[in-house]
Amino acid sequence: MNAAIRAVVRKAIYDGNEVYGIRYGFRGLAEGDIYQMGIDDVGNLLSRGGTMLYTARYPEFAEKEGQEKAIAQLKKFKIDSLIVIGGDGSFMGAKALSEHGFPTVGIPGTIDNDIAGTDFTIGFDTACNTVIEAVDKIRDTATSHERTFIIEVMGRNAGDIALWTGISSGAEKVIIPEIGFDMDQIVEDIKAGRERGKKHIIIILAEGVMSANKFMDKLSTYGNFHSRATVLGHMQRGGAPSARDRVLATMFGFRAVELLNQGHSGICLGIRGNDIVYGDISEVLNRETHTPLMELYEINGDISY
């Protein structure tokens, strides 16, 4: 997100605009936690994870009163357009403001990669790299002790992180909410692998299916597979962004300013192939969420053993 903020500030100032940062998301907007930003405010941001503007939940923004407080602050600071970076909750807020007649553009920023209308969201690639690094380390101890490791990754109800990291780390099994699982088949495959001399089993489990500990308990009812559960948790949400994320965020931020200058509103950006695209934010929110590439799931099933 910092790379996107940097691009927005510098592109907007280059085009002759004034730029204001809003701390703590819609809560900060409603409370007036707003300040003018200059070029120097976004120096040395590219390598920093998270967001320099911080973030907070503000359920009150779903109500008209919360939205009116925000609009009053925007008028107070003479802000005439807004760029919102975040997931579907943030986009709902951006949609509400646009319906009040306030120009908004949304940039998809969530490690879950669960926004419709875009192949990838800011943060997804970095989160995947973090998971891969952790799995590579876990594999060493799994092999040494001949264990079965169930590694729980984030993603809410989306399986993208599990799928992409399962493929790229050579996991024996990937379990995602979009497909589900057959425990009898998993047990059969584990046993077949052991009989062929495999020293370890790595199972990547999306949190939207169940917890790693619960899965391990279910697996243990079929026998002793020397299982261990690992929950990677919030480490997936931090760290220096990957090159891909830095470039993607920069492209999103730059294009968002261009679109606002051209008079667009109520839209959100995305990437399809190598092209930055945009669509109506209402249509994106009403569509089914981005679904992972099922081809990857099938590929992993064919080659993981």
# chains A, B, ... in the order shown; residues from 1 in each chain; ligands from 1
$ closest_atom_pairs --of "stretch 108-143 of chain A" --to "stretch 76-98 of chain A" --cutoff "6 Å" --atoms "only C-alpha atoms" --output "JSON lines"
{"residue": "A:Pro108", "atom": "CA", "partner": "A:Gly86", "partner_atom": "CA", "distance": 5.3}
{"residue": "A:Gly109", "atom": "CA", "partner": "A:Gly86", "partner_atom": "CA", "distance": 4.3}
{"residue": "A:Thr110", "atom": "CA", "partner": "A:Gly87", "partner_atom": "CA", "distance": 5.6}
$ write_last_selection --atoms "C-alpha atoms" --output "mmCIF file, in the first residue's frame"
data_model
loop_
_atom_site.group_PDB
_atom_site.id
_atom_site.type_symbol
_atom_site.label_atom_id
_atom_site.label_comp_id
_atom_site.auth_asym_id
_atom_site.auth_seq_id
_atom_site.Cartn_x
_atom_site.Cartn_y
_atom_site.Cartn_z
ATOM 1 C CA PRO A 108 -7.426 -3.264 -4.699
ATOM 2 C CA GLY A 109 -5.134 -3.877 -1.735
ATOM 3 C CA THR A 110 -5.476 -7.159 0.172
#
$ closest_residue --among "A:Met154, A:Ile186, A:Ala249, A:Val257" --to "A:Ala212" --atoms "only C-alpha atoms"
A:Met154
$ closest_atom_pairs --of "stretch 55-75 of chain A" --to "stretch 28-42 of chain A" --cutoff "7 Å" --atoms "only C-alpha atoms" --output "tab-separated table"
residue	atom	partner	partner_atom	distance
A:Gly66	CA	A:Ala30	CA	6.7
A:Lys69	CA	A:Ala30	CA	5.0
A:Ala70	CA	A:Ala30	CA	4.1
A:Gln73	CA	A:Gly32	CA	5.7
$ write_last_selection --atoms "C-alpha atoms" --output "CSV table (one decimal), in the first residue's frame"
chain,number,residue,atom,x,y,z
A,66,GLY,CA,-21.1,7.9,9.3
A,69,LYS,CA,-19.6,12.9,8.9
A,70,ALA,CA,-17.0,11.9,6.3
A,73,GLN,CA,-14.8,16.6,6.7
$ residues_around --residues "A:Thr143" --least-positions-apart "2" --cutoff "9 Å" --atoms "only C-alpha atoms" --output "list in words"
Ile138, Arg139, Asp140, Thr141, His145, Glu146, Arg147, Thr148, Lys198, Lys199, His200 and Ile201 of chain A
$ atom_distance --atom1 "atom CA of A:Asp184" --atom2 "atom CA of A:His226"
17.2 Å
$ atom_distance --atom1 "atom CA of A:Gly25" --atom2 "atom CA of A:Ile107"
13.5 Å
$ residues_around --residues "A:Asp119" --least-positions-apart "6" --cutoff "8 Å" --atoms "only C-alpha atoms" --output "list in words"
Asn113, Gly270, Ile271, Arg272, Gly273 and His290 of chain A
$ atom_distance --atom1 "atom CA of A:Gly233" --atom2 "atom CA of A:Ile203"
15.8 Å
$ residues_around --residues "A:Leu46" --least-positions-apart "2" --cutoff "12 Å" --atoms "only C-alpha atoms" --output "PyMOL selection string"
chain A and resi 1-7+42-44+48-52+239-250
$ residues_around --residues "A:Leu293" --least-positions-apart "4" --cutoff "12 Å" --atoms "only C-alpha atoms" --output "ChimeraX atom specification"
/A:113,119-120,158-164,167,176,178-179,297-300
$ select_by_dssp --residues "stretch 120-219 of chain A" --states "strand (DSSP E)" --output "ChimeraX atom specification"
/A:148-153,173-175,201-206
$ closest_residue --among "A:Ala192, A:Val231, A:Val105, A:Met294" --to "A:Asp280" --atoms "only C-alpha atoms"
A:Val105
$ decode --residues "stretch 72-83 of chain A" --atoms "N, CA, C and O atoms" --output "short mmCIF file (atom, residue, chain, number, x, y, z; two decimals), in the first residue's frame"
data_model
loop_
_atom_site.label_atom_id
_atom_site.label_comp_id
_atom_site.auth_asym_id
_atom_site.auth_seq_id
_atom_site.Cartn_x
_atom_site.Cartn_y
_atom_site.Cartn_z
N ALA A 72 -18.71 15.76 5.41
CA ALA A 72 -18.53 17.07 6.05
C ALA A 72 -17.05 17.39 6.21
O ALA A 72 -16.61 18.54 6.00
N GLN A 73 -16.24 16.39 6.57
CA GLN A 73 -14.80 16.60 6.71
C GLN A 73 -14.14 16.85 5.36
O GLN A 73 -13.24 17.68 5.25
N LEU A 74 -14.57 16.14 4.34
CA LEU A 74 -14.02 16.36 3.01
C LEU A 74 -14.29 17.79 2.55
O LEU A 74 -13.41 18.45 1.97
N LYS A 75 -15.50 18.29 2.82
CA LYS A 75 -15.83 19.67 2.46
C LYS A 75 -15.02 20.66 3.30
O LYS A 75 -14.56 21.69 2.78
N LYS A 76 -14.82 20.34 4.56
CA LYS A 76 -14.06 21.22 5.45
C LYS A 76 -12.64 21.41 4.94
O LYS A 76 -12.09 22.52 4.98
N PHE A 77 -12.03 20.32 4.47
CA PHE A 77 -10.65 20.39 3.99
C PHE A 77 -10.58 20.71 2.49
O PHE A 77 -9.50 20.70 1.91
N LYS A 78 -11.73 20.96 1.89
CA LYS A 78 -11.82 21.30 0.46
C LYS A 78 -11.21 20.22 -0.43
O LYS A 78 -10.52 20.50 -1.42
N ILE A 79 -11.47 18.99 -0.04
CA ILE A 79 -11.01 17.84 -0.83
C ILE A 79 -12.12 17.49 -1.82
O ILE A 79 -13.28 17.33 -1.44
N ASP A 80 -11.76 17.39 -3.10
CA ASP A 80 -12.81 17.19 -4.11
C ASP A 80 -12.80 15.81 -4.76
O ASP A 80 -13.61 15.52 -5.63
N SER A 81 -11.90 14.92 -4.35
CA SER A 81 -11.92 13.55 -4.85
C SER A 81 -11.10 12.67 -3.91
O SER A 81 -10.27 13.18 -3.14
N LEU A 82 -11.34 11.37 -3.98
CA LEU A 82 -10.74 10.46 -3.01
C LEU A 82 -10.28 9.17 -3.67
O LEU A 82 -10.98 8.62 -4.53
N ILE A 83 -9.11 8.69 -3.27
CA ILE A 83 -8.62 7.38 -3.68
C ILE A 83 -8.62 6.48 -2.45
O ILE A 83 -8.06 6.82 -1.42
#
